[in-house]
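Undergrad: mmCIF, C-alpha atoms, file model_24.cif:
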data_my_file
#
loop_
_atom_site.group_PDB
_atom_site.id
_atom_site.type_symbol
_atom_site.label_atom_id
_atom_site.label_comp_id
_atom_site.auth_asym_id
_atom_site.auth_seq_id
_atom_site.Cartn_x
_atom_site.Cartn_y
_atom_site.Cartn_z
ATOM 1 C CA MET A 964 -53.587 55.384 -130.012
ATOM 2 C CA GLU A 965 -57.153 56.459 -130.716
ATOM 3 C CA PHE A 966 -60.049 54.354 -129.431
ATOM 4 C CA LYS A 967 -62.218 53.046 -132.275
ATOM 5 C CA ASP A 968 -65.930 53.452 -131.499
ATOM 6 C CA TYR A 969 -67.227 50.806 -133.863
ATOM 7 C CA TYR A 970 -70.857 51.502 -132.935
ATOM 8 C CA ALA A 971 -70.504 55.165 -133.908
ATOM 9 C CA ILE A 972 -68.701 54.220 -137.132
ATOM 10 C CA LEU A 973 -71.647 52.051 -138.205
ATOM 11 C CA GLY A 974 -74.196 54.491 -136.768
ATOM 12 C CA VAL A 975 -75.926 51.970 -134.464
ATOM 13 C CA ASP A 976 -76.757 51.866 -130.761
ATOM 14 C CA ARG A 977 -74.628 49.813 -128.411
ATOM 15 C CA ASP A 978 -77.517 47.379 -127.910
ATOM 16 C CA ALA A 979 -78.137 47.004 -131.641
ATOM 17 C CA SER A 980 -79.218 43.586 -132.863
ATOM 18 C CA ALA A 981 -77.189 41.511 -135.304
ATOM 19 C CA GLU A 982 -79.673 42.400 -138.067
ATOM 20 C CA ASP A 983 -79.381 46.132 -137.279
ATOM 21 C CA ILE A 984 -75.589 45.866 -137.504
ATOM 22 C CA LYS A 985 -75.733 43.960 -140.790
ATOM 23 C CA ARG A 986 -78.116 46.461 -142.362
ATOM 24 C CA ALA A 987 -75.998 49.417 -141.209
ATOM 25 C CA TYR A 988 -72.865 47.814 -142.608
ATOM 26 C CA ARG A 989 -74.364 47.072 -146.005
ATOM 27 C CA ARG A 990 -75.745 50.597 -146.260
ATOM 28 C CA GLN A 991 -72.402 52.221 -145.409
ATOM 29 C CA ALA A 992 -70.366 49.741 -147.466
ATOM 30 C CA ARG A 993 -72.329 50.575 -150.609
ATOM 31 C CA LYS A 994 -71.941 54.276 -149.901
ATOM 32 C CA PHE A 995 -68.154 54.203 -149.414
ATOM 33 C CA HIS A 996 -67.021 51.251 -151.553
ATOM 34 C CA PRO A 997 -63.815 52.473 -153.281
ATOM 35 C CA ASP A 998 -64.880 51.084 -156.675
ATOM 36 C CA VAL A 999 -68.055 53.166 -156.908
ATOM 37 C CA SER A 1000 -68.022 55.969 -154.322
ATOM 38 C CA GLN A 1001 -67.364 59.579 -155.238
ATOM 39 C CA GLU A 1002 -67.115 60.594 -151.550
ATOM 40 C CA THR A 1003 -63.901 62.265 -150.373
ATOM 41 C CA GLY A 1004 -61.809 59.773 -148.402
ATOM 42 C CA ALA A 1005 -64.102 56.901 -149.386
ATOM 43 C CA GLU A 1006 -61.449 54.176 -149.163
ATOM 44 C CA ALA A 1007 -60.347 55.166 -145.643
ATOM 45 C CA ARG A 1008 -63.969 55.404 -144.547
ATOM 46 C CA PHE A 1009 -64.766 52.017 -146.074
ATOM 47 C CA LYS A 1010 -61.868 50.438 -144.184
ATOM 48 C CA GLU A 1011 -63.291 51.784 -140.915
ATOM 49 C CA VAL A 1012 -66.771 50.508 -141.742
ATOM 50 C CA ALA A 1013 -65.444 47.083 -142.753
ATOM 51 C CA GLU A 1014 -63.369 46.780 -139.592
ATOM 52 C CA ALA A 1015 -66.281 47.823 -137.381
ATOM 53 C CA TYR A 1016 -68.484 45.191 -138.985
ATOM 54 C CA GLU A 1017 -65.803 42.515 -138.658
ATOM 55 C CA VAL A 1018 -65.876 43.057 -134.888
ATOM 56 C CA LEU A 1019 -69.549 43.736 -134.193
ATOM 57 C CA LYS A 1020 -70.982 41.011 -136.433
ATOM 58 C CA ASP A 1021 -69.216 38.338 -134.374
ATOM 59 C CA PRO A 1022 -70.769 37.881 -130.891
ATOM 60 C CA GLU A 1023 -67.489 36.676 -129.401
ATOM 61 C CA LYS A 1024 -65.329 39.513 -130.726
ATOM 62 C CA ARG A 1025 -68.077 41.989 -129.849
ATOM 63 C CA ALA A 1026 -68.157 40.774 -126.225
ATOM 64 C CA ALA A 1027 -64.386 41.182 -125.925
ATOM 65 C CA TYR A 1028 -64.521 44.617 -127.574
ATOM 66 C CA ASP A 1029 -67.270 45.814 -125.205
ATOM 67 C CA ASN A 1030 -65.324 44.621 -122.173
ATOM 68 C CA ALA A 1031 -62.077 46.183 -123.429
ATOM 69 C CA GLY A 1032 -63.951 49.437 -124.006
ATOM 70 C CA ARG A 1033 -64.998 49.494 -120.365
ATOM 71 C CA ARG A 1034 -61.366 48.947 -119.369
ATOM 72 C CA TRP A 1035 -60.279 51.763 -121.706
ATOM 73 C CA GLN A 1036 -62.580 54.192 -119.900
ATOM 74 C CA GLN A 1037 -60.789 53.533 -116.590
ATOM 75 C CA ARG A 1038 -58.219 56.205 -117.302
ATOM 76 C CA GLY A 1039 -55.704 57.349 -114.755
ATOM 77 C CA PRO A 1040 -54.561 60.909 -113.966
ATOM 78 C CA SER A 1041 -52.417 60.948 -117.117
ATOM 79 C CA GLY A 1042 -55.446 60.326 -119.310
ATOM 80 C CA GLU A 1043 -53.973 57.057 -120.605
ATOM 81 C CA PRO A 1044 -55.971 53.816 -120.427
ATOM 82 C CA PRO A 1045 -54.703 51.010 -118.176
ATOM 83 C CA PRO A 1046 -51.760 49.234 -119.829
ATOM 84 C CA ASP A 1047 -53.606 45.889 -119.750
ATOM 85 C CA TRP A 1048 -56.858 47.154 -121.337
ATOM 86 C CA ASN A 1049 -56.333 44.962 -124.411
ATOM 87 C CA THR A 1050 -54.772 41.805 -122.952
ATOM 88 C CA GLY A 1051 -56.005 38.492 -121.650
ATOM 89 C CA TYR A 1052 -58.611 37.783 -124.375
ATOM 90 C CA GLU A 1053 -58.396 34.386 -126.018
ATOM 91 C CA PHE A 1054 -59.651 33.842 -129.560
ATOM 92 C CA SER A 1055 -59.890 30.937 -131.958
ATOM 93 C CA GLU A 1056 -58.733 31.331 -135.550
ATOM 94 C CA ALA A 1057 -62.276 30.822 -136.776
ATOM 95 C CA ASN A 1058 -63.163 34.183 -135.262
ATOM 96 C CA PHE A 1059 -60.903 35.842 -137.819
ATOM 97 C CA ALA A 1060 -62.390 34.328 -140.946
ATOM 98 C CA SER A 1061 -63.208 36.969 -143.530
ATOM 99 C CA ALA A 1062 -66.210 39.113 -142.634
ATOM 100 C CA PHE A 1063 -66.789 40.170 -146.232
ATOM 101 C CA GLY A 1064 -68.614 38.498 -149.065
ATOM 102 C CA GLU A 1065 -67.508 38.803 -152.654
ATOM 103 C CA GLU A 1066 -69.715 41.863 -153.055
ATOM 104 C CA PHE A 1067 -67.443 43.956 -150.826
ATOM 105 C CA SER A 1068 -64.143 42.127 -151.194
ATOM 106 C CA GLY A 1069 -60.872 43.768 -152.120
ATOM 107 C CA PRO A 1070 -57.383 44.421 -150.767
ATOM 108 C CA TRP A 1071 -58.772 47.076 -148.391
ATOM 109 C CA SER A 1072 -60.911 44.415 -146.634
ATOM 110 C CA GLU A 1073 -57.761 42.657 -145.375
ATOM 111 C CA GLU A 1074 -56.257 45.696 -143.621
ATOM 112 C CA HIS A 1075 -56.722 46.517 -139.970
ATOM 113 C CA SER A 1076 -56.037 49.544 -137.792
ATOM 114 C CA ASP A 1077 -53.469 49.681 -135.001
ATOM 115 C CA PHE A 1078 -56.375 49.653 -132.542
ATOM 116 C CA PHE A 1079 -57.755 46.404 -133.994
ATOM 117 C CA GLU A 1080 -54.370 44.695 -133.851
ATOM 118 C CA ALA A 1081 -53.730 46.050 -130.335
ATOM 119 C CA LEU A 1082 -56.920 44.356 -129.145
ATOM 120 C CA PHE A 1083 -57.009 41.168 -131.213
ATOM 121 C CA GLY A 1084 -53.286 40.704 -131.835
ATOM 122 C CA ARG A 1085 -51.117 40.680 -134.930
ATOM 123 C CA HIS A 1086 -52.265 37.137 -135.679
ATOM 124 C CA ALA A 1087 -55.671 38.540 -136.646
ATOM 125 C CA ARG A 1088 -54.391 39.581 -140.064
ATOM 126 C CA GLY A 1089 -54.605 36.736 -142.550
ATOM 127 C CA ALA A 1090 -55.946 34.088 -140.164
ATOM 128 C CA ARG A 1091 -57.127 30.974 -141.928
ATOM 129 C CA GLN A 1092 -60.742 30.070 -142.600
ATOM 130 C CA ALA A 1093 -62.071 27.359 -140.296
ATOM 131 C CA ARG A 1094 -62.674 24.020 -142.026
ATOM 132 C CA PRO A 1095 -65.815 21.930 -141.570
ATOM 133 C CA GLN A 1096 -65.516 19.383 -138.796
ATOM 134 C CA ARG A 1097 -65.569 15.929 -140.368
ATOM 135 C CA GLY A 1098 -64.169 12.782 -138.879
ATOM 136 C CA THR A 1099 -60.996 13.103 -136.853
ATOM 137 C CA THR A 1100 -60.031 16.776 -136.821
ATOM 138 C CA ARG A 1101 -57.321 18.650 -134.989
ATOM 139 C CA GLY A 1102 -58.623 21.407 -132.731
ATOM 140 C CA GLU A 1103 -58.315 25.052 -133.706
ATOM 141 C CA ASP A 1104 -55.322 27.063 -132.615
ATOM 142 C CA HIS A 1105 -56.108 29.839 -130.156
ATOM 143 C CA HIS A 1106 -54.383 33.210 -129.752
ATOM 144 C CA ALA A 1107 -54.162 35.717 -126.913
ATOM 145 C CA LYS A 1108 -52.167 38.774 -125.889
ATOM 146 C CA VAL A 1109 -50.669 38.737 -122.395
ATOM 147 C CA MET A 1110 -48.547 41.070 -120.300
ATOM 148 C CA ILE A 1111 -45.500 40.075 -118.296
ATOM 149 C CA ASP A 1112 -42.942 41.948 -116.215
ATOM 150 C CA LEU A 1113 -39.520 42.883 -117.549
ATOM 151 C CA GLU A 1114 -37.907 40.879 -114.768
ATOM 152 C CA ASP A 1115 -39.707 37.718 -115.984
ATOM 153 C CA SER A 1116 -37.880 37.945 -119.300
ATOM 154 C CA TYR A 1117 -34.605 39.036 -117.708
ATOM 155 C CA SER A 1118 -34.332 36.008 -115.445
ATOM 156 C CA GLY A 1119 -36.893 33.558 -116.823
ATOM 157 C CA ALA A 1120 -39.958 32.624 -114.783
ATOM 158 C CA THR A 1121 -43.029 30.431 -114.469
ATOM 159 C CA ARG A 1122 -46.247 32.399 -114.078
ATOM 160 C CA GLN A 1123 -49.981 31.771 -113.705
ATOM 161 C CA LEU A 1124 -51.875 33.805 -116.312
ATOM 162 C CA ARG A 1125 -55.615 34.352 -116.588
ATOM 163 C CA LEU A 1126 -57.357 34.346 -119.964
ATOM 164 C CA SER A 1127 -60.939 35.227 -120.928
ATOM 165 C CA LEU A 1128 -62.449 33.276 -123.819
ATOM 166 C CA PRO A 1129 -65.704 34.614 -125.324
ATOM 167 C CA VAL A 1130 -68.077 31.625 -125.499
ATOM 168 C CA ALA A 1131 -71.598 31.538 -126.961
ATOM 169 C CA ASP A 1132 -74.188 29.275 -125.293
ATOM 170 C CA ALA A 1133 -76.954 27.348 -127.057
ATOM 171 C CA HIS A 1134 -79.092 30.497 -127.145
ATOM 172 C CA GLY A 1135 -76.395 32.656 -128.734
ATOM 173 C CA ARG A 1136 -75.623 34.575 -125.546
ATOM 174 C CA VAL A 1137 -71.922 35.297 -125.129
ATOM 175 C CA GLN A 1138 -70.049 35.327 -121.848
ATOM 176 C CA LEU A 1139 -66.361 35.610 -121.039
ATOM 177 C CA GLN A 1140 -65.225 32.244 -119.705
ATOM 178 C CA GLU A 1141 -62.049 32.515 -117.619
ATOM 179 C CA ARG A 1142 -59.288 29.990 -117.184
ATOM 180 C CA GLN A 1143 -55.812 30.002 -115.662
ATOM 181 C CA ILE A 1144 -52.787 28.580 -117.404
ATOM 182 C CA GLU A 1145 -49.234 28.007 -116.240
ATOM 183 C CA VAL A 1146 -46.671 29.529 -118.568
ATOM 184 C CA ARG A 1147 -42.892 29.149 -118.583
ATOM 185 C CA ILE A 1148 -41.300 32.401 -119.736
ATOM 186 C CA PRO A 1149 -37.854 31.876 -121.280
ATOM 187 C CA ARG A 1150 -34.987 34.285 -120.620
ATOM 188 C CA GLY A 1151 -34.641 36.991 -123.235
ATOM 189 C CA LEU A 1152 -38.237 36.963 -124.489
ATOM 190 C CA ARG A 1153 -39.018 40.273 -126.205
ATOM 191 C CA PRO A 1154 -42.276 42.200 -126.704
ATOM 192 C CA GLY A 1155 -44.160 41.043 -129.783
ATOM 193 C CA GLN A 1156 -42.745 37.525 -129.694
ATOM 194 C CA GLN A 1157 -45.034 34.520 -129.297
ATOM 195 C CA LEU A 1158 -45.051 31.585 -126.928
ATOM 196 C CA ARG A 1159 -46.547 28.337 -128.202
ATOM 197 C CA LEU A 1160 -48.358 26.154 -125.686
ATOM 198 C CA THR A 1161 -48.878 22.767 -127.333
ATOM 199 C CA GLY A 1162 -52.330 21.285 -126.838
ATOM 200 C CA GLN A 1163 -53.702 24.339 -124.995
ATOM 201 C CA GLY A 1164 -55.924 25.507 -127.875
ATOM 202 C CA GLY A 1165 -59.356 24.286 -128.949
ATOM 203 C CA PRO A 1166 -60.336 20.660 -128.385
ATOM 204 C CA GLY A 1167 -60.049 18.155 -131.235
ATOM 205 C CA HIS A 1168 -63.027 16.433 -132.812
ATOM 206 C CA GLY A 1169 -63.608 12.732 -133.292
ATOM 207 C CA GLY A 1170 -60.596 11.911 -131.162
ATOM 208 C CA GLY A 1171 -58.311 14.382 -132.899
ATOM 209 C CA PRO A 1172 -55.583 16.250 -130.979
ATOM 210 C CA ALA A 1173 -56.174 19.650 -129.404
ATOM 211 C CA GLY A 1174 -54.902 22.785 -131.109
ATOM 212 C CA ASP A 1175 -52.163 24.989 -129.757
ATOM 213 C CA LEU A 1176 -52.343 28.284 -127.874
ATOM 214 C CA TYR A 1177 -50.144 31.142 -129.093
ATOM 215 C CA LEU A 1178 -49.462 33.910 -126.583
ATOM 216 C CA GLU A 1179 -48.323 37.250 -127.996
ATOM 217 C CA VAL A 1180 -46.249 38.887 -125.260
ATOM 218 C CA GLU A 1181 -46.142 42.527 -124.213
ATOM 219 C CA PHE A 1182 -44.313 44.061 -121.219
ATOM 220 C CA ARG A 1183 -45.964 46.036 -118.456
ATOM 221 C CA PRO A 1184 -44.602 49.589 -118.143
ATOM 222 C CA HIS A 1185 -41.632 49.554 -115.779
ATOM 223 C CA PRO A 1186 -41.134 52.281 -113.159
ATOM 224 C CA LEU A 1187 -37.374 52.482 -113.868
ATOM 225 C CA PHE A 1188 -36.290 50.825 -117.094
ATOM 226 C CA ARG A 1189 -37.115 51.583 -120.728
ATOM 227 C CA LEU A 1190 -36.661 48.918 -123.397
ATOM 228 C CA ASP A 1191 -35.381 49.380 -126.959
ATOM 229 C CA GLY A 1192 -34.888 46.043 -128.678
ATOM 230 C CA ARG A 1193 -32.656 44.201 -126.229
ATOM 231 C CA ASN A 1194 -31.144 47.384 -124.773
ATOM 232 C CA LEU A 1195 -32.349 48.974 -121.556
ATOM 233 C CA SER A 1196 -31.988 52.521 -120.284
ATOM 234 C CA VAL A 1197 -32.457 54.016 -116.837
ATOM 235 C CA GLU A 1198 -32.126 57.544 -115.468
ATOM 236 C CA LEU A 1199 -29.705 57.930 -112.545
ATOM 237 C CA PRO A 1200 -29.715 61.121 -110.429
ATOM 238 C CA VAL A 1201 -26.312 62.282 -109.194
ATOM 239 C CA ALA A 1202 -25.328 65.241 -107.013
ATOM 240 C CA PRO A 1203 -23.564 68.217 -108.643
ATOM 241 C CA TRP A 1204 -20.276 67.407 -106.927
ATOM 242 C CA GLU A 1205 -20.483 63.752 -108.018
ATOM 243 C CA ALA A 1206 -20.916 64.865 -111.633
ATOM 244 C CA ALA A 1207 -18.216 67.542 -111.403
ATOM 245 C CA LEU A 1208 -15.589 65.663 -109.394
ATOM 246 C CA GLY A 1209 -16.395 62.064 -110.266
ATOM 247 C CA ALA A 1210 -17.696 59.410 -107.899
ATOM 248 C CA SER A 1211 -18.546 55.758 -107.427
ATOM 249 C CA VAL A 1212 -22.323 55.388 -107.027
ATOM 250 C CA ALA A 1213 -24.874 52.574 -106.836
ATOM 251 C CA ALA A 1214 -26.880 52.069 -110.054
ATOM 252 C CA PRO A 1215 -29.917 49.800 -110.492
ATOM 253 C CA THR A 1216 -30.065 46.892 -112.923
ATOM 254 C CA PRO A 1217 -32.876 44.327 -113.285
ATOM 255 C CA GLU A 1218 -30.797 41.837 -111.278
ATOM 256 C CA GLY A 1219 -29.735 44.215 -108.509
ATOM 257 C CA GLU A 1220 -27.461 47.182 -107.829
ATOM 258 C CA VAL A 1221 -23.984 47.541 -109.261
ATOM 259 C CA THR A 1222 -21.247 50.070 -108.524
ATOM 260 C CA LEU A 1223 -20.884 52.602 -111.334
ATOM 261 C CA THR A 1224 -18.003 55.039 -111.849
ATOM 262 C CA VAL A 1225 -19.146 58.543 -112.806
ATOM 263 C CA PRO A 1226 -16.270 60.256 -114.676
ATOM 264 C CA PRO A 1227 -15.272 63.779 -113.554
ATOM 265 C CA GLY A 1228 -16.899 66.553 -115.558
ATOM 266 C CA SER A 1229 -20.028 64.571 -116.434
ATOM 267 C CA ALA A 1230 -22.974 66.623 -117.647
ATOM 268 C CA ALA A 1231 -26.688 65.908 -117.407
ATOM 269 C CA GLY A 1232 -27.729 63.525 -120.188
ATOM 270 C CA ARG A 1233 -24.421 61.683 -120.364
ATOM 271 C CA LYS A 1234 -24.902 57.978 -121.086
ATOM 272 C CA LEU A 1235 -22.779 55.351 -119.372
ATOM 273 C CA ARG A 1236 -22.890 51.907 -120.943
ATOM 274 C CA LEU A 1237 -23.028 48.690 -118.945
ATOM 275 C CA ARG A 1238 -22.227 46.047 -121.543
ATOM 276 C CA GLY A 1239 -24.350 42.901 -121.457
ATOM 277 C CA LYS A 1240 -26.721 44.161 -118.746
ATOM 278 C CA GLY A 1241 -29.737 44.424 -121.080
ATOM 279 C CA LEU A 1242 -32.073 41.573 -122.010
ATOM 280 C CA PRO A 1243 -30.343 38.203 -122.352
ATOM 281 C CA GLY A 1244 -29.752 36.961 -125.877
ATOM 282 C CA GLN A 1245 -27.117 36.141 -128.464
ATOM 283 C CA PRO A 1246 -25.691 38.702 -128.057
ATOM 284 C CA PRO A 1247 -27.276 40.206 -124.923
ATOM 285 C CA GLY A 1248 -28.375 43.820 -124.873
ATOM 286 C CA ASP A 1249 -26.699 46.640 -122.976
ATOM 287 C CA LEU A 1250 -27.911 48.874 -120.170
ATOM 288 C CA TYR A 1251 -27.481 52.620 -120.680
ATOM 289 C CA VAL A 1252 -27.414 54.731 -117.524
ATOM 290 C CA VAL A 1253 -28.473 58.306 -118.299
ATOM 291 C CA LEU A 1254 -27.200 60.839 -115.759
ATOM 292 C CA THR A 1255 -29.445 63.564 -114.363
ATOM 293 C CA ILE A 1256 -28.303 66.281 -111.939
ATOM 294 C CA ALA A 1257 -30.190 66.436 -108.646
ATOM 295 C CA LEU A 1258 -29.772 69.799 -106.891
ATOM 296 C CA PRO A 1259 -29.985 70.002 -103.099
ATOM 297 C CA PRO A 1260 -32.780 72.410 -102.100
ATOM 298 C CA PRO A 1261 -31.546 75.681 -100.520
ATOM 299 C CA ASP A 1262 -33.572 75.049 -97.367
ATOM 300 C CA GLY A 1263 -30.953 76.087 -94.850
ATOM 301 C CA ALA A 1264 -28.425 78.844 -94.291
ATOM 302 C CA ALA A 1265 -25.423 76.556 -94.816
ATOM 303 C CA VAL A 1266 -26.663 75.357 -98.214
ATOM 304 C CA GLU A 1267 -27.578 78.911 -99.281
ATOM 305 C CA ASP A 1268 -24.103 80.127 -98.322
ATOM 306 C CA ALA A 1269 -22.544 77.262 -100.287
ATOM 307 C CA TYR A 1270 -24.553 78.232 -103.399
ATOM 308 C CA ARG A 1271 -23.504 81.887 -103.029
ATOM 309 C CA ALA A 1272 -19.854 80.866 -102.625
ATOM 310 C CA LEU A 1273 -20.109 78.701 -105.748
ATOM 311 C CA ALA A 1274 -21.686 81.579 -107.689
ATOM 312 C CA ARG A 1275 -18.757 83.822 -106.726
ATOM 313 C CA SER A 1276 -16.152 81.194 -107.535
ATOM 314 C CA ALA A 1277 -17.677 80.389 -110.939
ATOM 315 C CA ALA A 1278 -18.636 83.943 -111.838
ATOM 316 C CA GLY A 1279 -17.495 83.480 -115.441
ATOM 317 C CA PHE A 1280 -19.688 80.429 -116.041
ATOM 318 C CA ASP A 1281 -22.645 81.019 -118.393
ATOM 319 C CA PRO A 1282 -25.007 77.998 -118.647
ATOM 320 C CA ARG A 1283 -26.728 79.646 -121.633
ATOM 321 C CA ALA A 1284 -23.627 80.485 -123.644
ATOM 322 C CA HIS A 1285 -24.616 77.986 -126.364
ATOM 323 C CA LEU A 1286 -27.909 79.792 -127.071
ATOM 324 C CA PRO A 1287 -28.254 82.594 -129.662
ATOM 325 C CA ARG A 1288 -28.313 85.929 -127.906
ATOM 326 C CA SER A 1289 -31.868 86.639 -129.055
ATOM 327 C CA GLN A 1290 -33.036 83.541 -127.120
ATOM 328 C CA ARG A 1291 -31.117 84.210 -123.922
#
How does this structure look as structure tokens?

TA:
Amino acid sequence: MEFKDYYAILGVDRDASAEDIKRAYRRQARKFHPDVSQETGAEARFKEVAEAYEVLKDPEKRAAYDNAGRRWQQRGPSGEPPPDWNTGYEFSEANFASAFGEEFSGPWSEEHSDFFEALFGRHARGARQARPQRGTTRGEDHHAKVMIDLEDSYSGATRQLRLSLPVADAHGRVQLQERQIEVRIPRGLRPGQQLRLTGQGGPGHGGGPAGDLYLEVEFRPHPLFRLDGRNLSVELPVAPWEAALGASVAAPTPEGEVTLTVPPGSAAGRKLRLRGKGLPGQPPGDLYVVLTIALPPPDGAAVEDAYRALARSAAGFDPRAHLPRSQR
């Protein structure tokens, strides 16, 4: 996913004032509005400009975006941002009211990029307009994206999660206000699903009840298992003789090791299915064990002699026989 530099898109400095941002948006919106612009790619450019303004015009969303941008820059050796760069920010639905007046409205003003939804959540699209607070009013619902471990969903768990809510003070300055919440994670919860915490949203007004908090769940990357729907997969190294002759070996699952039978003549890439060992559900997913061949290093005379003896015994074996001769 590409990082969206909303400041560069609008052509303003990172310390630009609200008026600077508004002027830059109106200038670019008139230039690229799909109904009047003759510029190549005007509609796509207008969408970027509109999205940038939607974020930077709002002090609370801007504060979260700036903080997430700093997290994004903390890249590891792989060049990827930390997996939690976009999680833990809590927003009220009022923060997703339309940023566009009638002058620049249109179907394109309701679309968001993958980056926007990764940061603000899928709930951001089509959120309702906040109503004036009169009399007894229910509090606003809040939304946040959080990360959990695969094992939490596999077995069910209760976890303490930390959220950061952008809050403006009486002078308009925005700070991230942190709070901890206790969350019960049900068995079989999948990425993208939501948890509803009743009464954990914004406070009510005039004695009205509090809103709810909706947590959109993502999984932290797992060192062993990969998830596809409810199915899991894991790579399992086996020795050449275990693959060739068959063996009983220990294989990992999220709830501990099991004994797995490797059939004789197994090749690298063969998938062995453990029915019902994926995420719980109705029905539960499966766990696919993908075999890889681990070769012992020839770091001693005995192992070298064994390799030479194998080469002599299997002299007719050609591992590249399936390739066209021009590629061999």

Undergrad: Once the PyMOL selection byres ((chain A and resi 1147-1154) around 7) has been evaluated on this model, what residues remain selected, and can you format them as a short mmCIF file (atom, residue, chain, number, x, y, z; two decimals) with C-alpha atoms, in the frame of the given file?

TA:
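Writing done, so here's out-v2.cif:
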data_model
loop_
_atom_site.label_atom_id
_atom_site.label_comp_id
_atom_site.auth_asym_id
_atom_site.auth_seq_id
_atom_site.Cartn_x
_atom_site.Cartn_y
_atom_site.Cartn_z
CA ASP A 1115 -39.71 37.72 -115.98
CA SER A 1116 -37.88 37.94 -119.30
CA TYR A 1117 -34.60 39.04 -117.71
CA SER A 1118 -34.33 36.01 -115.44
CA GLY A 1119 -36.89 33.56 -116.82
CA ALA A 1120 -39.96 32.62 -114.78
CA THR A 1121 -43.03 30.43 -114.47
CA ARG A 1122 -46.25 32.40 -114.08
CA GLU A 1145 -49.23 28.01 -116.24
CA VAL A 1146 -46.67 29.53 -118.57
CA GLY A 1155 -44.16 41.04 -129.78
CA GLN A 1156 -42.74 37.52 -129.69
CA VAL A 1180 -46.25 38.89 -125.26
CA GLU A 1181 -46.14 42.53 -124.21
CA PHE A 1182 -44.31 44.06 -121.22
CA LEU A 1242 -32.07 41.57 -122.01
CA PRO A 1243 -30.34 38.20 -122.35
CA GLY A 1244 -29.75 36.96 -125.88
#

Undergrad: Can you list what the PyMOL selection byres ((chain A and resi 1179) around 10) grabs from this structure, as number ranges by chain?

TA: A: 1050, 1084-1086, 1106-1110, 1153-1159, 1176-1178, 1180-1181

Undergrad: Report the distance between CA of Arg990 (chain A) and CA of Phe1079 (chain A) in Å, rounded to one decimal place.

TA: 22.2 Å

Undergrad: In Å to one decimal, how far is CA of Ala1207 (chain A) from CA of Pro1282 (chain A)?

TA: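 Separation between CA of Pro1282 (chain A) and CA of Ala1207 (chain A): 14.4 Å.
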
Undergrad: Between A:Ala1026, A:Val1252, A:Leu1113, A:Ala1265, single out the one closest to Leu1128 (chain A), counting all atoms listed in the file.

TA: A:Ala1026

Undergrad: Hey, what comes out of the PyMOL selection byres ((chain A and resi 1016-1022) around 9) on this file? Could you write it as a CSV table (one decimal) with C-alpha atoms, in the coordinates of the input?

TA:
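Output below, filename result11.csv:
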chain,number,residue,atom,x,y,z
A,969,TYR,CA,-67.2,50.8,-133.9
A,970,TYR,CA,-70.9,51.5,-132.9
A,973,LEU,CA,-71.6,52.1,-138.2
A,981,ALA,CA,-77.2,41.5,-135.3
A,982,GLU,CA,-79.7,42.4,-138.1
A,984,ILE,CA,-75.6,45.9,-137.5
A,985,LYS,CA,-75.7,44.0,-140.8
A,987,ALA,CA,-76.0,49.4,-141.2
A,988,TYR,CA,-72.9,47.8,-142.6
A,1011,GLU,CA,-63.3,51.8,-140.9
A,1012,VAL,CA,-66.8,50.5,-141.7
A,1013,ALA,CA,-65.4,47.1,-142.8
A,1014,GLU,CA,-63.4,46.8,-139.6
A,1015,ALA,CA,-66.3,47.8,-137.4
A,1023,GLU,CA,-67.5,36.7,-129.4
A,1024,LYS,CA,-65.3,39.5,-130.7
A,1025,ARG,CA,-68.1,42.0,-129.8
A,1026,ALA,CA,-68.2,40.8,-126.2
A,1027,ALA,CA,-64.4,41.2,-125.9
A,1028,TYR,CA,-64.5,44.6,-127.6
A,1058,ASN,CA,-63.2,34.2,-135.3
A,1059,PHE,CA,-60.9,35.8,-137.8
A,1061,SER,CA,-63.2,37.0,-143.5
A,1062,ALA,CA,-66.2,39.1,-142.6
A,1063,PHE,CA,-66.8,40.2,-146.2
A,1079,PHE,CA,-57.8,46.4,-134.0
A,1129,PRO,CA,-65.7,34.6,-125.3
A,1130,VAL,CA,-68.1,31.6,-125.5
A,1131,ALA,CA,-71.6,31.5,-127.0
A,1135,GLY,CA,-76.4,32.7,-128.7
A,1136,ARG,CA,-75.6,34.6,-125.5
A,1137,VAL,CA,-71.9,35.3,-125.1

Undergrad: Which distance in Å separates CA of Gln991 (chain A) and CA of Arg977 (chain A), to one decimal?

TA: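 Separation between CA of Gln991 (chain A) and CA of Arg977 (chain A): 17.3 Å.
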
Undergrad: Select, from A:Trp1035, A:Arg1008, A:Leu1160, A:Pro997, the residue with the minimum atom-to-atom distance to Glu965 (chain A), counting all atoms listed in the file.

TA: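 That would be A:Trp1035, the residue with the smallest distance to Glu965 (chain A).
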
Undergrad: Between A:Ala1274, A:Ile1111, A:Ala971, A:Ala1081, which is the closest to Trp1048 (chain A) once you count all atoms listed in the file?

TA: A:Ala1081

Undergrad: Hey, which of A:Asp1268, A:Asp1175, A:Glu1006, A:Asp1281 ends up closest to Arg1101 (chain A)? Count all atoms listed in the file.

TA: A:Asp1175

Undergrad: Box time for region 1077-1080 of chain A: axis-aligned, enclosing all its listed atoms, 4 Å extra on each side; report centre and edge lengths in Å to one decimal, as AutoDock Vina command-line options.

TA:
--center_x -55.6 --center_y 47.2 --center_z -133.8 --size_x 12.3 --size_y 13.0 --size_z 10.5

Undergrad: List the spatial neighbours of region 1214-1227 of chain A as a count of residues only - criterion: any atom at most 9 Å away, all atoms listed in the file, same-chain residues fewer than 4 positions off excluded.

TA: 22
